[in-house]
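Okay, work.txt is below, compact mmCIF, C-alpha atoms:
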# COMPACT_ATOMS: atom_id res chain seq x y z
CA MET Z 1 35.69 79.75 62.95
CA LYS Z 2 36.71 78.98 66.52
CA LEU Z 3 37.57 81.99 68.65
CA ASP Z 4 39.39 81.59 71.95
CA ARG Z 5 39.60 84.90 73.75
CA PRO Z 6 41.14 85.73 77.15
CA SER Z 7 37.66 86.11 78.66
CA ASN Z 8 37.01 82.39 78.31
CA TYR Z 9 40.56 81.12 78.59
CA ASP Z 10 41.76 80.57 82.16
CA GLY Z 11 45.13 79.22 81.05
CA LEU Z 12 47.53 79.07 83.94
CA ALA Z 13 45.32 80.91 86.39
CA TYR Z 14 45.76 77.82 88.54
CA SER Z 15 49.42 77.26 87.58
CA THR Z 16 48.56 74.08 85.80
CA VAL Z 17 49.56 72.50 82.50
CA ILE Z 18 46.95 72.17 79.76
CA ALA Z 19 47.73 70.00 76.73
CA GLY Z 20 46.02 68.56 73.69
CA HIS Z 21 46.40 66.69 70.40
CA PHE Z 22 44.54 68.33 67.49
CA HIS Z 23 43.95 67.42 63.86
CA GLU Z 24 42.27 70.51 62.38
CA THR Z 25 40.89 71.53 58.98
CA ASP Z 26 41.11 75.05 57.53
CA THR Z 27 38.06 76.16 59.55
CA TYR Z 28 40.28 76.22 62.65
CA SER Z 29 41.39 79.65 63.87
CA THR Z 30 42.25 80.97 67.31
CA VAL Z 31 42.39 84.72 67.96
CA ARG Z 32 43.66 86.37 71.14
CA PRO Z 33 43.96 90.14 70.62
CA ASP Z 34 45.33 90.64 74.14
CA GLY Z 35 47.58 87.59 74.20
CA MET Z 36 47.68 85.02 77.01
CA SER Z 37 48.91 84.89 80.58
CA ASP Z 38 50.98 81.76 79.86
CA TRP Z 39 53.27 80.21 77.24
CA LEU Z 40 52.00 78.16 74.33
CA ILE Z 41 54.17 75.47 72.76
CA THR Z 42 53.11 73.48 69.69
CA TYR Z 43 54.78 70.65 67.79
CA THR Z 44 53.57 70.04 64.25
CA LEU Z 45 53.28 66.37 63.32
CA GLY Z 46 51.88 66.83 59.84
CA GLY Z 47 50.15 69.23 57.49
CA GLU Z 48 50.58 72.95 57.95
CA GLY Z 49 49.59 75.66 60.40
CA TYR Z 50 50.21 79.37 60.76
CA PHE Z 51 50.95 81.92 63.48
CA GLU Z 52 50.32 85.61 63.02
CA THR Z 53 51.94 88.16 65.35
CA ASP Z 54 52.44 91.89 64.80
CA GLY Z 55 50.90 91.62 61.35
CA THR Z 56 53.37 88.97 60.17
CA GLU Z 57 52.33 85.43 59.33
CA LYS Z 58 54.67 82.47 59.73
CA ARG Z 59 53.93 78.88 58.69
CA VAL Z 60 54.73 75.72 60.67
CA ARG Z 61 55.18 72.29 59.13
CA ALA Z 62 56.11 68.79 60.29
CA GLY Z 63 59.02 68.93 62.72
CA ASP Z 64 58.47 72.57 63.73
CA VAL Z 65 58.21 73.57 67.39
CA ALA Z 66 56.60 76.96 67.99
CA LEU Z 67 56.79 78.91 71.26
CA LEU Z 68 54.49 81.87 71.84
CA ARG Z 69 55.39 84.26 74.64
CA PRO Z 70 52.76 85.44 77.19
CA GLY Z 71 51.21 88.81 76.45
CA THR Z 72 51.68 88.52 72.67
CA PRO Z 73 48.58 89.41 70.62
CA HIS Z 74 48.19 86.68 68.04
CA ARG Z 75 46.16 84.55 65.72
CA TYR Z 76 46.91 80.97 64.73
CA GLY Z 77 45.18 78.22 62.84
CA THR Z 78 45.10 76.13 59.69
CA PRO Z 79 45.75 77.80 56.31
CA LYS Z 80 43.11 77.59 53.59
CA GLY Z 81 43.11 74.23 51.84
CA GLU Z 82 45.34 72.58 54.47
CA THR Z 83 44.99 70.39 57.53
CA TRP Z 84 47.10 70.84 60.65
CA HIS Z 85 48.07 67.90 62.87
CA PHE Z 86 49.79 69.04 66.07
CA VAL Z 87 50.23 68.63 69.79
CA TRP Z 88 50.26 71.58 72.14
CA ALA Z 89 50.62 72.66 75.76
CA HIS Z 90 50.08 75.81 77.79
CA PHE Z 91 52.43 76.31 80.75
CA SER Z 92 53.67 78.96 83.14
CA GLY Z 93 57.19 80.27 82.54
CA GLY Z 94 57.55 80.77 86.27
CA PHE Z 95 58.22 77.05 86.63
CA MET Z 96 61.02 77.05 84.03
CA ASP Z 97 64.65 78.09 83.92
CA ALA Z 98 64.46 81.49 82.21
CA SER Z 99 67.53 80.65 80.10
CA LEU Z 100 65.52 77.93 78.35
CA LEU Z 101 62.77 80.31 77.26
CA PRO Z 102 63.26 82.39 74.09
CA LEU Z 103 63.17 86.18 74.22
CA GLY Z 104 61.11 86.72 71.07
CA ALA Z 105 57.34 86.98 70.92
CA LEU Z 106 57.17 83.99 68.57
CA THR Z 107 59.96 81.46 68.11
CA ILE Z 108 59.81 78.64 65.57
CA VAL Z 109 62.48 75.95 65.60
CA GLN Z 110 62.81 73.27 62.94
CA ILE Z 111 63.93 69.97 64.46
CA GLU Z 112 66.23 68.32 61.98
CA GLN Z 113 67.28 65.08 63.70
CA ASN Z 114 64.97 62.10 63.52
CA ALA Z 115 66.05 60.96 66.98
CA MET Z 116 65.24 64.37 68.44
CA LYS Z 117 61.86 64.40 66.71
CA ASP Z 118 61.08 61.10 68.41
CA ARG Z 119 62.22 62.42 71.79
CA VAL Z 120 60.11 65.58 71.50
CA TYR Z 121 57.04 63.58 70.48
CA ASP Z 122 57.61 61.11 73.34
CA ALA Z 123 57.84 64.03 75.79
CA PHE Z 124 54.57 65.49 74.48
CA HIS Z 125 52.97 62.06 74.73
CA ARG Z 126 53.94 61.92 78.42
CA ILE Z 127 52.54 65.42 78.97
CA LEU Z 128 49.24 64.40 77.40
CA SER Z 129 49.02 61.20 79.41
CA ASP Z 130 49.98 62.70 82.77
CA SER Z 131 47.79 65.81 82.36
CA ARG Z 132 44.79 63.60 81.59
CA GLU Z 133 45.41 61.03 84.30
CA ARG Z 134 46.23 63.62 86.97
CA GLY Z 135 47.69 61.01 89.27
CA ALA Z 136 50.30 61.63 91.94
CA TYR Z 137 52.93 64.20 90.86
CA TRP Z 138 51.22 64.68 87.48
CA HIS Z 139 52.04 68.40 87.37
CA GLU Z 140 55.72 67.86 88.19
CA LEU Z 141 55.92 65.10 85.55
CA CYS Z 142 54.42 67.42 82.93
CA LEU Z 143 56.88 70.18 83.80
CA SER Z 144 59.76 67.72 83.64
CA ALA Z 145 58.73 66.67 80.12
CA LEU Z 146 58.37 70.32 79.06
CA ARG Z 147 61.86 71.08 80.40
CA GLU Z 148 63.17 68.14 78.38
CA ILE Z 149 61.70 69.61 75.20
CA LEU Z 150 63.13 73.06 75.92
CA MET Z 151 66.55 71.58 76.71
CA LEU Z 152 66.53 69.57 73.48
CA LEU Z 153 65.78 72.77 71.54
CA ALA Z 154 68.59 74.59 73.36
CA LYS Z 155 70.96 71.70 72.67
CA GLN Z 156 70.23 71.81 68.95
CA GLN Z 157 70.71 75.57 68.78
CA THR Z 158 74.04 75.55 70.65
CA SER Z 159 75.56 72.38 69.20
CA GLY Z 160 77.49 73.80 66.26
CA PHE Z 161 77.47 70.38 64.59
CA ASP Z 162 75.68 69.45 61.39
CA PRO Z 163 72.32 67.89 62.45
CA ARG Z 164 73.29 64.66 60.68
CA ILE Z 165 76.39 64.41 62.88
CA GLU Z 166 74.32 65.05 66.00
CA GLU Z 167 72.10 62.20 64.83
CA THR Z 168 75.15 59.97 64.32
CA LEU Z 169 76.49 60.73 67.81
CA TYR Z 170 73.09 59.89 69.30
CA LEU Z 171 73.00 56.57 67.44
CA LEU Z 172 76.54 55.76 68.59
CA ALA Z 173 75.54 56.38 72.20
CA GLN Z 174 72.44 54.22 71.76
CA ARG Z 175 74.40 51.35 70.22
CA MET Z 176 77.59 51.65 72.24
CA GLN Z 177 77.50 48.01 73.37
CA GLU Z 178 76.86 46.67 69.86
CA THR Z 179 79.05 46.10 66.84
CA VAL Z 180 78.64 49.37 64.96
CA ARG Z 181 78.99 49.42 61.17
CA VAL Z 182 79.53 52.72 59.38
CA GLU Z 183 77.46 51.51 56.42
CA GLU Z 184 74.46 50.89 58.67
CA LEU Z 185 74.84 54.27 60.36
CA ALA Z 186 75.08 55.97 56.99
CA HIS Z 187 71.91 54.22 55.80
CA ASN Z 188 70.03 55.46 58.89
CA ILE Z 189 71.30 59.01 58.37
CA GLY Z 190 70.59 59.01 54.63
CA LEU Z 191 74.17 59.44 53.40
CA SER Z 192 76.75 57.24 51.77
CA ALA Z 193 79.32 55.70 54.11
CA SER Z 194 82.14 57.76 52.58
CA ARG Z 195 80.16 61.02 52.81
CA LEU Z 196 79.18 60.40 56.43
CA SER Z 197 82.77 59.53 57.38
CA HIS Z 198 84.08 62.72 55.75
CA LEU Z 199 81.37 64.92 57.29
CA PHE Z 200 81.87 63.37 60.73
CA LYS Z 201 85.63 63.99 60.65
CA GLU Z 202 85.06 67.54 59.41
CA ASN Z 203 82.67 68.33 62.28
CA THR Z 204 84.28 66.51 65.20
CA GLY Z 205 87.95 66.11 64.27
CA GLU Z 206 87.64 62.37 64.91
CA SER Z 207 86.69 59.35 62.89
CA ILE Z 208 83.45 57.56 63.77
CA VAL Z 209 85.41 54.68 65.28
CA GLU Z 210 87.51 57.06 67.39
CA ALA Z 211 84.40 58.83 68.68
CA LEU Z 212 82.78 55.50 69.55
CA ASN Z 213 85.89 54.32 71.39
CA ARG Z 214 86.06 57.61 73.28
CA MET Z 215 82.44 57.16 74.42
CA ARG Z 216 83.11 53.60 75.49
CA ILE Z 217 86.26 54.47 77.43
CA LYS Z 218 84.62 57.41 79.22
CA GLN Z 219 81.79 55.13 80.29
CA ALA Z 220 84.23 52.41 81.37
CA ALA Z 221 86.15 54.95 83.47
CA LEU Z 222 82.91 55.95 85.21
CA LEU Z 223 82.11 52.31 85.94
CA LEU Z 224 85.58 51.72 87.38
CA ALA Z 225 85.39 54.87 89.49
CA HIS Z 226 81.87 54.53 90.85
CA THR Z 227 80.92 50.84 90.84
CA ASN Z 228 82.47 47.55 91.88
CA ARG Z 229 83.05 46.49 88.27
CA ASN Z 230 86.57 45.30 87.53
CA ALA Z 231 88.38 46.17 84.30
CA THR Z 232 87.30 43.02 82.45
CA GLU Z 233 83.66 43.54 83.38
CA ALA Z 234 83.79 47.23 82.48
CA ALA Z 235 85.26 46.40 79.08
CA GLN Z 236 82.42 43.99 78.34
CA ASP Z 237 79.80 46.41 79.65
CA VAL Z 238 80.80 49.12 77.16
CA GLY Z 239 81.13 46.87 74.13
CA PHE Z 240 84.80 45.81 73.92
CA GLN Z 241 85.15 42.14 73.00
CA ASN Z 242 88.96 42.15 73.11
CA TYR Z 243 90.49 43.09 76.46
CA ASN Z 244 93.89 44.00 75.00
CA HIS Z 245 92.22 46.40 72.59
CA PHE Z 246 90.28 47.88 75.50
CA THR Z 247 93.51 48.40 77.45
CA ARG Z 248 95.19 50.15 74.52
CA GLN Z 249 92.23 52.44 73.99
CA PHE Z 250 91.94 53.17 77.72
CA ARG Z 251 95.58 54.20 77.88
CA LYS Z 252 95.12 56.35 74.76
CA PHE Z 253 92.22 58.36 76.17
CA ILE Z 254 92.84 58.26 79.94
CA GLY Z 255 96.66 58.08 80.05
CA VAL Z 256 96.98 54.97 82.23
CA ASN Z 257 95.79 51.38 81.89
CA PRO Z 258 92.45 50.35 83.47
CA SER Z 259 93.99 48.54 86.43
CA GLU Z 260 96.15 51.53 87.36
CA PHE Z 261 93.16 53.82 87.02
CA GLY Z 262 91.05 51.58 89.28
CA HIS Z 263 93.77 51.35 91.94
CA SER Z 264 94.23 55.13 91.86
CA VAL Z 265 90.52 55.79 92.37
CA ARG Z 266 90.20 53.27 95.19
CA SER Z 267 93.27 54.60 97.01
CA LYS Z 268 91.78 58.09 97.02
CA GLU Z 269 88.66 56.76 98.71
CA LYS Z 270 90.58 55.32 101.64

Can the structure from this file be put into structure tokens for me?
Amino acid sequence: MKLDRPSNYDGLAYSTVIAGHFHETDTYSTVRPDGMSDWLITYTLGGEGYFETDGTEKRVRAGDVALLRPGTPHRYGTPKGETWHFVWAHFSGGFMDASLLPLGALTIVQIEQNAMKDRVYDAFHRILSDSRERGAYWHELCLSALREILMLLAKQQTSGFDPRIEETLYLLAQRMQETVRVEELAHNIGLSASRLSHLFKENTGESIVEALNRMRIKQAALLLAHTNRNATEAAQDVGFQNYNHFTRQFRKFIGVNPSEFGHSVRSKEK
């Protein structure tokens, strides 16, 4: 059994970020009866782990992010007969926006979107790489990746949308310039096309096509307002192949046609 007590754990005594990637059998156990001086965050990639605080044990499985508050007496490790594959990081809360940090002693969040799982893992991968390399700005880069993870967790908890709809919106944003087919989206989400369309409308009040057009028009408006792109170029940049269709959609969402919008923005700059 591995014991990691405060006497031999410096943690954030030097305000640094410590990270690792573990694949542990059921002999793995960490006990800190007096807690830690820093935060611990773990992301389970496979298998199963446990956290015990205040006499209560909670399990973590693939897709779970756990956050352990400083000063919390605890034990964690791999349950009997299991293996636990996870990445972890210790960090100081003093470098984070307090609103992103949970109030509870132990917080476990299940990430339900595949895209968000990928983003959290990518952020941990950057933390691992930068903390090992320790090149220029390594600490700031690690903190930036940790903030990204915490913001993704906050986004999921405040969204109000079904996780499958959040996933769909992310895919629409990723593929905004492409020809998007509802059947392909539905296949990626794991639903039938009709079920996804119904669920999307129920959550957002828009059809998938309307939401995609809204994204495209908002982006086109930004291009017209802040770059030298003309209306034709902006239409192509955001995925409209037919300029007349672009104009109709622009007027629908913005209230004027693209040319009028561009002239209005430029006149305000003079």

Residues within 12 Å of Leu222 (chain Z), only C-alpha atoms, excluding chain neighbours under 2 positions, as a PDB file with C-alpha atoms, in the frame of the given file:
ATOM      1  CA  MET Z 215      82.440  57.160  74.420  1.00  0.00           C
ATOM      2  CA  ARG Z 216      83.110  53.600  75.490  1.00  0.00           C
ATOM      3  CA  ILE Z 217      86.260  54.470  77.430  1.00  0.00           C
ATOM      4  CA  LYS Z 218      84.620  57.410  79.220  1.00  0.00           C
ATOM      5  CA  GLN Z 219      81.790  55.130  80.290  1.00  0.00           C
ATOM      6  CA  ALA Z 220      84.230  52.410  81.370  1.00  0.00           C
ATOM      7  CA  LEU Z 224      85.580  51.720  87.380  1.00  0.00           C
ATOM      8  CA  ALA Z 225      85.390  54.870  89.490  1.00  0.00           C
ATOM      9  CA  HIS Z 226      81.870  54.530  90.850  1.00  0.00           C
ATOM     10  CA  THR Z 227      80.920  50.840  90.840  1.00  0.00           C
ATOM     11  CA  ASN Z 228      82.470  47.550  91.880  1.00  0.00           C
ATOM     12  CA  ARG Z 229      83.050  46.490  88.270  1.00  0.00           C
ATOM     13  CA  ASN Z 230      86.570  45.300  87.530  1.00  0.00           C
ATOM     14  CA  ALA Z 231      88.380  46.170  84.300  1.00  0.00           C
ATOM     15  CA  ALA Z 234      83.790  47.230  82.480  1.00  0.00           C
ATOM     16  CA  ALA Z 235      85.260  46.400  79.080  1.00  0.00           C
ATOM     17  CA  ASP Z 237      79.800  46.410  79.650  1.00  0.00           C
ATOM     18  CA  VAL Z 238      80.800  49.120  77.160  1.00  0.00           C
ATOM     19  CA  ILE Z 254      92.840  58.260  79.940  1.00  0.00           C
ATOM     20  CA  PRO Z 258      92.450  50.350  83.470  1.00  0.00           C
ATOM     21  CA  PHE Z 261      93.160  53.820  87.020  1.00  0.00           C
ATOM     22  CA  GLY Z 262      91.050  51.580  89.280  1.00  0.00           C
ATOM     23  CA  VAL Z 265      90.520  55.790  92.370  1.00  0.00           C
TER      24      VAL Z 265
END

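Here the question is which of Z:Ala186, Z:Ala211, Z:Leu101, Z:Val65 gets nearest to Leu169 (chain Z) using only C-alpha atoms, and that residue is Z:Ala211.
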
Can you pull out the residues contacting region 118-121 of chain Z? Cut-off 10 Å, using all atoms listed in the file, and skip same-chain residues under 3 positions away; I want them as a compact mmCIF listing (two decimals) with C-alpha atoms, in the coordinates of the input.
# COMPACT_ATOMS: atom_id res chain seq x y z
CA TYR Z 43 54.78 70.65 67.79
CA THR Z 44 53.57 70.04 64.25
CA LEU Z 45 53.28 66.37 63.32
CA GLY Z 63 59.02 68.93 62.72
CA VAL Z 65 58.21 73.57 67.39
CA VAL Z 87 50.23 68.63 69.79
CA ILE Z 111 63.93 69.97 64.46
CA GLN Z 113 67.28 65.08 63.70
CA ASN Z 114 64.97 62.10 63.52
CA ALA Z 115 66.05 60.96 66.98
CA PHE Z 124 54.57 65.49 74.48
CA HIS Z 125 52.97 62.06 74.73
CA ARG Z 126 53.94 61.92 78.42
CA ILE Z 127 52.54 65.42 78.97
CA ALA Z 145 58.73 66.67 80.12
CA LEU Z 146 58.37 70.32 79.06
CA GLU Z 148 63.17 68.14 78.38
CA ILE Z 149 61.70 69.61 75.20
CA LEU Z 150 63.13 73.06 75.92
CA LEU Z 152 66.53 69.57 73.48
CA LEU Z 153 65.78 72.77 71.54

(message) Quick one: residues within 10 Å of Cys142 (chain Z), all atoms listed in the file, excluding same-chain residues fewer than 4 positions away - as a list in words?
(response) Thr16, Val17, Ile18, Ala19, Ala89, Phe91, Ala123, Phe124, His125, Arg126, Ile127, Leu128, Ser129, Asp130, Ser131, Arg134, Tyr137, Trp138, Leu146, Arg147 and Glu148 of chain Z

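Relative to CA of Ile208 (chain Z), CA of Ala221 (chain Z) is found at 20.1 Å.
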
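The shortest atom-to-atom distance to Trp84 (chain Z), with only C-alpha atoms taken into account, belongs to Z:His23 out of Z:His187, Z:Arg214, Z:His23, Z:His245.
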
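CA of Lys201 (chain Z) lies 16.1 Å from CA of Leu171 (chain Z).
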
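Between CA of Gly49 (chain Z) and CA of Val31 (chain Z) there is a distance of 13.8 Å.
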
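Among the candidates Z:Phe246, Z:Phe51, Z:Tyr170, Z:Phe86, the one nearest to Thr30 (chain Z) when counting only C-alpha atoms is Z:Phe51.
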
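Of the listed residues (Z:Thr107, Z:Asp97, Z:Ala193, Z:Phe22), Z:Thr107 comes nearest to Lys58 (chain Z); the distances count all atoms listed in the file.
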
(request) Have a look at Z:Ala98, Z:Ala173, Z:Met36, Z:Ala105 and name the one nearest to Arg69 (chain Z); count only C-alpha atoms. (result) Z:Ala105

Can you report as lines of an AutoDock Vina configuration file the centre and edge lengths in Å, to one decimal, of an axis-aligned box around the listed atoms of region 216-224 of chain Z padded with 8 Å on each side?
center_x = 84.0
center_y = 54.6
center_z = 81.4
size_x = 20.5
size_y = 21.7
size_z = 27.9

So that I can check the surroundings of Asp162 (chain Z), please list as a PDB file with C-alpha atoms, keeping the file's coordinate frame every protein, DNA and RNA residue that reaches within 10 Å of it, counting only C-alpha atoms and ignoring chain neighbours fewer than 6 positions away.
ATOM      1  CA  GLU Z 112      66.230  68.320  61.980  1.00  0.00           C
ATOM      2  CA  GLN Z 113      67.280  65.080  63.700  1.00  0.00           C
ATOM      3  CA  GLN Z 156      70.230  71.810  68.950  1.00  0.00           C
ATOM      4  CA  THR Z 168      75.150  59.970  64.320  1.00  0.00           C
ATOM      5  CA  LEU Z 199      81.370  64.920  57.290  1.00  0.00           C
ATOM      6  CA  PHE Z 200      81.870  63.370  60.730  1.00  0.00           C
ATOM      7  CA  GLU Z 202      85.060  67.540  59.410  1.00  0.00           C
ATOM      8  CA  ASN Z 203      82.670  68.330  62.280  1.00  0.00           C
ATOM      9  CA  THR Z 204      84.280  66.510  65.200  1.00  0.00           C
TER      10      THR Z 204
END
